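Asker: Okay, handing you the structure first.
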Amino acid sequence: MPVQPAQPVQSTQPAHPAHSPVTVLGLGLMGTALASALIKAGHPTTVWNRTASKTGPLAAQGAIPAATAGEAVTASPLTIVCLTTNEAVRALLTPQAQALAGRTVVNLTNGTPAQARELADWAAAHGITYIDGGIMAVPQMIATPGAYILYSGTDEAAFETHRPTLEALADTKWTGKDPGLAALYDLSLLTGMYGMAMGVAQAYALIGSEGIPAREFAPLLRDWVAAMTDAIVPETAEAVDTDQHLTDVSNLAMNREAYPNFLQAYAEQGLRTDLFEPFQGVLDRAVEEGYGADGFSRLVTLLKQN
Ligand code: FVH
């Protein structure tokens, strides 16, 4: 049953939003970096972690450790939660529904769009304002230039209210009123990163198979990946949005014929082939379905499940 807020929480808002109180639940590597940034920015910061000992270093910086999650969430109009999984978030927040009613939760835990929408529905049913987020930074990058956090949620006004506080963590990027959008952007960006990381790992394994040090190869690899990123990202976007995939640069038929050389070389050089094997099947299917003259952008359409 929906829980109505017992009292309007707005009355606890201080006059200066730059110093608005904030609570952080979850003090892993990321949660600790977030709390530390909030403390440094001057926010009264209440912290709670399942393993209580992790509050110690933050308390030394000025954080207020809470004995329970319930005590923590009632200390601030805004609670930021950063746990391992959304399953853990749901389990932690469910008993706090009444205490959170009328307050705002910003969930920076990695998850799927569907999980974010499900949490948003749960929050709405309990009178809690829910904003989902995706952190585009590692802990060391928090509160440094270049870091940003994606946000989405049905209540954009609530996001604007808390934006001055959230800006202490990283640049803020609002993605829209569908609560799943931040997770969608987050996972899409991280997909690009995983693809690059897999390629870099296989490249170092291959070059290293002849004893060439990774550090010696690194400048070539970095420049090549950067040049290909600069070309492939915008060209693919143009092809996808115009649905024009024909290319005179590097078509799928040519790549299909060349690709077995890669798998064979990995094996000949004593490497595993399992990371890159599935791509051969994708290229085979593309050509067999008549897309041999198209560029890599065609894969975007072929990745859709029919
Ligand atoms: N670290 C990174 O580089 C990435 C950057 C992008 C965003 N991710 C996501 O952030 C979430 C947290 O990541 P983390 O690096 O802080 O992770 P850990 O250091 O492993 O800390 C996990 C915290 O979660 C707490 N926790 C786990 N399960 C529960 C639970 N059932 N109930 C309560 N708390 C729970 C854990 O508590 P404890 O083990 O210390 O008691 C930590 O506080 C994550 O979604 C990344 O994908 C990070």
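By order in the structure tokens, chains are A, B, ...; within a chain, residues start at 1; ligands start at 1, following the order shown.
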Could I get the residues of chain A with an atom no further than 7 Å from an atom of ligand 1, each paired with its nearest atom pair and that distance in Å to one decimal, using only C-alpha atoms and all ligand atoms, sorted by chain and residue number, as CSV?

Answerer:
residue,atom,partner,partner_atom_place_in_ligand_line,distance
A:Gly26,CA,ligand 1,43 (O),3.8
A:Leu27,CA,ligand 1,43 (O),4.0
A:Gly28,CA,ligand 1,21 (O),3.2
A:Leu29,CA,ligand 1,16 (O),3.9
A:Met30,CA,ligand 1,16 (O),3.6
A:Gly31,CA,ligand 1,16 (O),5.1
A:Asn49,CA,ligand 1,43 (O),5.6
A:Arg50,CA,ligand 1,41 (O),3.9
A:Thr51,CA,ligand 1,41 (O),3.8
A:Lys54,CA,ligand 1,40 (O),6.7
A:Cys82,CA,ligand 1,11 (C),5.1
A:Leu83,CA,ligand 1,24 (O),3.4
A:Thr84,CA,ligand 1,44 (C),4.2
A:Thr85,CA,ligand 1,45 (O),5.3
A:Ala88,CA,ligand 1,31 (N),4.1
A:Val89,CA,ligand 1,32 (N),6.9
A:Ala91,CA,ligand 1,31 (N),6.7
A:Leu92,CA,ligand 1,32 (N),5.8
A:Leu108,CA,ligand 1,10 (O),6.4
A:Thr109,CA,ligand 1,45 (O),3.8
A:Asn110,CA,ligand 1,45 (O),3.7
A:Gly111,CA,ligand 1,45 (O),6.9
A:Gly134,CA,ligand 1,7 (C),6.7
A:Ile135,CA,ligand 1,6 (C),4.9
A:Met136,CA,ligand 1,6 (C),5.9
A:Ala137,CA,ligand 1,5 (C),5.4
A:Val138,CA,ligand 1,3 (O),3.8
A:Pro139,CA,ligand 1,3 (O),5.5

Asker: For the residues selected in the previous step, produce a file with N, CA and C atoms as a compact mmCIF listing (two decimals), in the first residue's frame.

Answerer:
# COMPACT_ATOMS: atom_id res chain seq x y z
N GLY A 26 26.14 2.89 1.27
CA GLY A 26 27.06 2.08 0.48
C GLY A 26 28.38 2.79 0.36
N LEU A 27 29.37 2.27 1.09
CA LEU A 27 30.68 2.92 1.13
C LEU A 27 31.76 1.99 0.59
N GLY A 28 31.47 1.43 -0.57
CA GLY A 28 32.52 0.70 -1.29
C GLY A 28 33.48 1.72 -1.88
N LEU A 29 34.23 1.29 -2.87
CA LEU A 29 35.20 2.20 -3.49
C LEU A 29 34.51 3.44 -4.03
N MET A 30 33.38 3.23 -4.72
CA MET A 30 32.70 4.37 -5.33
C MET A 30 31.94 5.20 -4.29
N GLY A 31 31.19 4.52 -3.41
CA GLY A 31 30.42 5.25 -2.40
C GLY A 31 31.33 6.11 -1.52
N ASN A 49 27.03 2.13 6.02
CA ASN A 49 27.49 0.98 5.22
C ASN A 49 27.18 -0.29 5.99
N ARG A 50 26.86 -1.35 5.24
CA ARG A 50 26.55 -2.65 5.85
C ARG A 50 27.69 -3.08 6.78
N THR A 51 28.92 -2.96 6.30
CA THR A 51 30.09 -3.23 7.13
C THR A 51 30.49 -1.89 7.76
N LYS A 54 33.70 0.64 7.54
CA LYS A 54 34.07 1.48 6.39
C LYS A 54 33.67 2.94 6.59
N CYS A 82 24.71 3.63 -3.51
CA CYS A 82 25.67 3.06 -4.46
C CYS A 82 26.14 1.71 -3.92
N LEU A 83 25.40 0.66 -4.31
CA LEU A 83 25.72 -0.70 -3.85
C LEU A 83 26.17 -1.54 -5.05
N THR A 84 26.43 -2.80 -4.79
CA THR A 84 26.92 -3.67 -5.86
C THR A 84 25.85 -3.88 -6.94
N THR A 85 24.64 -4.19 -6.51
CA THR A 85 23.58 -4.52 -7.47
C THR A 85 22.26 -3.85 -7.06
N ALA A 88 20.43 -5.66 -4.31
CA ALA A 88 20.83 -5.24 -2.96
C ALA A 88 20.17 -3.91 -2.60
N VAL A 89 20.03 -3.02 -3.59
CA VAL A 89 19.38 -1.72 -3.33
C VAL A 89 17.93 -1.94 -2.91
N ALA A 91 16.59 -4.59 -1.63
CA ALA A 91 16.53 -5.24 -0.31
C ALA A 91 16.81 -4.24 0.81
N LEU A 92 17.72 -3.30 0.54
CA LEU A 92 18.07 -2.31 1.58
C LEU A 92 16.97 -1.26 1.76
N LEU A 108 22.84 5.32 -7.79
CA LEU A 108 23.99 5.31 -8.71
C LEU A 108 24.58 3.92 -8.88
N THR A 109 23.81 2.91 -8.50
CA THR A 109 24.23 1.52 -8.67
C THR A 109 24.08 1.11 -10.13
N ASN A 110 25.04 0.36 -10.63
CA ASN A 110 24.94 -0.10 -12.01
C ASN A 110 23.76 -1.07 -12.17
N GLY A 111 22.98 -0.89 -13.22
CA GLY A 111 21.85 -1.78 -13.44
C GLY A 111 21.27 -1.62 -14.83
N GLY A 134 23.88 6.88 -13.72
CA GLY A 134 24.97 6.04 -14.21
C GLY A 134 26.26 6.85 -14.14
N ILE A 135 27.24 6.30 -13.44
CA ILE A 135 28.48 7.05 -13.20
C ILE A 135 29.48 6.76 -14.32
N MET A 136 29.86 7.80 -15.04
CA MET A 136 30.85 7.63 -16.10
C MET A 136 32.21 8.09 -15.57
N ALA A 137 32.69 7.32 -14.62
CA ALA A 137 33.97 7.65 -13.98
C ALA A 137 34.36 6.48 -13.08
N VAL A 138 35.65 6.36 -12.81
CA VAL A 138 36.11 5.45 -11.76
C VAL A 138 36.24 6.29 -10.48
N PRO A 139 36.35 5.64 -9.31
CA PRO A 139 36.34 6.41 -8.07
C PRO A 139 37.37 7.55 -8.04

Asker: Apply DSSP to the backbone of this structure and, from region 124-242 of chain A, keep only the residues in strand (DSSP E or B); write these as a PyMOL selection string.

Answerer: chain A and resi 129-136+148-152+171-176

Asker: Write to file, as a compact mmCIF listing (two decimals), in the first residue's frame, the residues of the selection just made, with N, CA and C atoms.

Answerer:
# COMPACT_ATOMS: atom_id res chain seq x y z
N THR A 129 10.58 10.10 -4.25
CA THR A 129 11.06 10.57 -5.55
C THR A 129 12.31 9.78 -5.91
N TYR A 130 12.29 9.17 -7.10
CA TYR A 130 13.40 8.29 -7.50
C TYR A 130 14.10 8.85 -8.74
N ILE A 131 15.41 8.98 -8.63
CA ILE A 131 16.24 9.37 -9.78
C ILE A 131 17.29 8.30 -9.96
N ASP A 132 17.38 7.77 -11.17
CA ASP A 132 18.40 6.77 -11.44
C ASP A 132 19.63 7.45 -12.04
N GLY A 133 20.78 6.83 -11.85
CA GLY A 133 22.00 7.45 -12.38
C GLY A 133 23.00 6.43 -12.85
N GLY A 134 23.88 6.88 -13.72
CA GLY A 134 24.97 6.04 -14.21
C GLY A 134 26.26 6.85 -14.14
N ILE A 135 27.24 6.30 -13.44
CA ILE A 135 28.48 7.05 -13.20
C ILE A 135 29.48 6.76 -14.32
N MET A 136 29.86 7.80 -15.04
CA MET A 136 30.85 7.63 -16.10
C MET A 136 32.21 8.09 -15.57
N TYR A 148 31.54 12.50 -15.38
CA TYR A 148 30.14 12.95 -15.39
C TYR A 148 29.23 11.81 -14.97
N ILE A 149 28.03 12.20 -14.56
CA ILE A 149 27.03 11.22 -14.13
C ILE A 149 25.75 11.48 -14.90
N LEU A 150 25.19 10.41 -15.45
CA LEU A 150 23.93 10.47 -16.19
C LEU A 150 22.77 10.31 -15.23
N TYR A 151 21.71 11.06 -15.44
CA TYR A 151 20.54 10.96 -14.55
C TYR A 151 19.27 10.87 -15.37
N SER A 152 18.26 10.19 -14.80
CA SER A 152 16.92 10.18 -15.40
C SER A 152 15.89 9.89 -14.32
N ASP A 171 30.21 16.34 -13.27
CA ASP A 171 29.24 17.03 -14.14
C ASP A 171 27.96 16.21 -14.21
N THR A 172 26.82 16.88 -14.36
CA THR A 172 25.55 16.17 -14.42
C THR A 172 25.01 16.21 -15.85
N LYS A 173 24.49 15.08 -16.29
CA LYS A 173 23.84 15.02 -17.62
C LYS A 173 22.46 14.40 -17.45
N TRP A 174 21.44 15.21 -17.66
CA TRP A 174 20.05 14.74 -17.57
C TRP A 174 19.69 14.07 -18.88
N THR A 175 19.19 12.81 -18.81
CA THR A 175 18.89 12.08 -20.05
C THR A 175 17.40 11.99 -20.34
N GLY A 176 16.53 12.30 -19.36
CA GLY A 176 15.11 12.30 -19.66
C GLY A 176 14.24 11.75 -18.56

Asker: What lies within 9 Å of region 71-74 of chain A using only C-alpha atoms, ignoring chain neighbours under 5 positions off, as a VMD selection string?

Answerer: chain A and resid 22 to 25 46 to 48 64 to 66 79 96 99 to 100 103

Asker: Can you list, as a list in words, every protein, DNA or RNA residue that comes within 8 Å of region 280-288 of chain A when you count only C-alpha atoms, leaving out same-chain residues fewer than 3 positions away?

Answerer: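 Result of the neighbour search: Leu252, Ala253, Asn255, Arg256, Tyr259, Pro260, Phe276, Glu277, Tyr291, Gly292, Leu299 and Leu302 of chain A.
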
Asker: Keeping only C-alpha atoms, take the residues you just selected and write them out as a CSV table (one decimal), in the first residue's frame.

Answerer:
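Writing the result to part31.csv gives the following:
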chain,number,residue,atom,x,y,z
A,252,LEU,CA,31.7,-7.0,-44.6
A,253,ALA,CA,32.5,-9.5,-47.5
A,255,ASN,CA,36.2,-8.7,-43.6
A,256,ARG,CA,34.6,-12.1,-43.6
A,259,TYR,CA,38.7,-12.7,-40.3
A,260,PRO,CA,39.8,-16.4,-40.3
A,276,PHE,CA,36.9,-13.3,-30.9
A,277,GLU,CA,35.3,-16.4,-32.4
A,291,TYR,CA,24.9,-7.5,-46.9
A,292,GLY,CA,28.4,-8.2,-48.1
A,299,LEU,CA,25.8,-4.9,-37.8
A,302,LEU,CA,21.6,-7.3,-37.6

Asker: Could you give me, as a PyMOL selection string, the residues within 9 Å of Phe296 (chain A), counting only C-alpha atoms and dropping anything in the same chain fewer than 4 positions from it?

Answerer: chain A and resi 232+236+245+247+250-252+300

Asker: Please measure the separation of CA of Ala293 (chain A) and CA of Gln264 (chain A), giving the value in Å to one decimal.

Answerer: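 Interatomic distance, CA of Ala293 (chain A) to CA of Gln264 (chain A): 24.4 Å.
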
Asker: Using DSSP on the backbone coordinates, identify all residues within region 196-247 of chain A classified as helix (DSSP H, G or I); present the result as a ChimeraX atom specification.

Answerer: /A:196-208,214-242

Asker: So that I can see what lies close to Ser209 (chain A), please list as a PyMOL selection string the residues with an atom at most 10 Å from it, counting only C-alpha atoms and leaving out residues fewer than 2 positions away in the same chain.

Answerer: chain A and resi 203-207+211-213+266+268-271

Asker: Nearest to Thr229 (chain A): which of A:Ala41, A:Met198, A:Ala69, A:Met193 is it, counting only C-alpha atoms?

Answerer: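 Nearest to Thr229 (chain A): A:Met193.
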
Asker: Quote the spacing between CA of Glu160 (chain A) and CA of Leu189 (chain A) in Å to one decimal place.

Answerer: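 Going from CA of Glu160 (chain A) over to CA of Leu189 (chain A) covers 24.0 Å.
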
Asker: Given the choices A:Ala265, A:Ala158, A:Ala168, A:Leu220, which gets closest to Pro145 (chain A) if the distance is worked out from only C-alpha atoms?

Answerer: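 Closest to Pro145 (chain A) of all the choices is A:Ala168.
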
Asker: Quick one: everything within 9 Å of Ser297 (chain A), counting only C-alpha atoms, minus sequence neighbours fewer than 4 positions away in the same chain. Send it as a list in words.

Answerer: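 Residues near the query, excluding close chain neighbours: Ile232, Glu235, Thr236, Ala237, Ala239, Val240, Asp243, Gln244, His245, Leu246 and Thr301 of chain A.
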
Asker: Could you save those same residues with N, CA, C and O atoms as a JSON list (two decimals), in the first residue's frame?

Answerer:
[["chain", "number", "residue", "atom", "x", "y", "z"],
["A", 232, "ILE", "N", 35.20, 5.70, -37.01],
["A", 232, "ILE", "CA", 34.08, 4.74, -36.97],
["A", 232, "ILE", "C", 32.87, 5.29, -36.21],
["A", 232, "ILE", "O", 31.73, 5.08, -36.63],
["A", 235, "GLU", "N", 30.98, 8.01, -38.42],
["A", 235, "GLU", "CA", 30.54, 7.43, -39.71],
["A", 235, "GLU", "C", 29.43, 6.41, -39.50],
["A", 235, "GLU", "O", 28.47, 6.34, -40.28],
["A", 236, "THR", "N", 29.56, 5.63, -38.44],
["A", 236, "THR", "CA", 28.51, 4.63, -38.15],
["A", 236, "THR", "C", 27.22, 5.32, -37.75],
["A", 236, "THR", "O", 26.12, 4.90, -38.17],
["A", 237, "ALA", "N", 27.32, 6.37, -36.99],
["A", 237, "ALA", "CA", 26.12, 7.10, -36.58],
["A", 237, "ALA", "C", 25.38, 7.64, -37.80],
["A", 237, "ALA", "O", 24.15, 7.52, -37.90],
["A", 239, "ALA", "N", 25.53, 6.51, -40.88],
["A", 239, "ALA", "CA", 24.97, 5.39, -41.66],
["A", 239, "ALA", "C", 23.71, 4.83, -41.00],
["A", 239, "ALA", "O", 22.72, 4.52, -41.67],
["A", 240, "VAL", "N", 23.74, 4.72, -39.68],
["A", 240, "VAL", "CA", 22.59, 4.16, -38.95],
["A", 240, "VAL", "C", 21.38, 5.07, -39.08],
["A", 240, "VAL", "O", 20.27, 4.64, -39.38],
["A", 243, "ASP", "N", 20.15, 5.05, -42.58],
["A", 243, "ASP", "CA", 19.93, 3.68, -43.07],
["A", 243, "ASP", "C", 20.62, 3.46, -44.41],
["A", 243, "ASP", "O", 20.10, 2.79, -45.30],
["A", 244, "GLN", "N", 21.81, 4.04, -44.56],
["A", 244, "GLN", "CA", 22.62, 3.89, -45.77],
["A", 244, "GLN", "C", 23.92, 3.19, -45.39],
["A", 244, "GLN", "O", 24.83, 3.82, -44.85],
["A", 245, "HIS", "N", 24.02, 1.90, -45.65],
["A", 245, "HIS", "CA", 25.14, 1.13, -45.11],
["A", 245, "HIS", "C", 26.19, 0.73, -46.16],
["A", 245, "HIS", "O", 27.21, 0.16, -45.80],
["A", 246, "LEU", "N", 25.90, 1.01, -47.44],
["A", 246, "LEU", "CA", 26.88, 0.66, -48.48],
["A", 246, "LEU", "C", 28.18, 1.43, -48.23],
["A", 246, "LEU", "O", 28.15, 2.58, -47.80],
["A", 301, "THR", "N", 21.90, -3.09, -37.42],
["A", 301, "THR", "CA", 20.56, -3.63, -37.73],
["A", 301, "THR", "C", 20.53, -5.14, -37.50],
["A", 301, "THR", "O", 19.51, -5.68, -37.07]]

Asker: Which distance in Å separates CA of Arg117 (chain A) and CA of Gly180 (chain A), to one decimal?

Answerer: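 These atoms are spaced 5.4 Å apart.
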
Asker: Nearest to Met254 (chain A): which of A:Ala218, A:Leu38, A:Ala63, A:Asp294 is it, counting only C-alpha atoms?

Answerer: A:Asp294
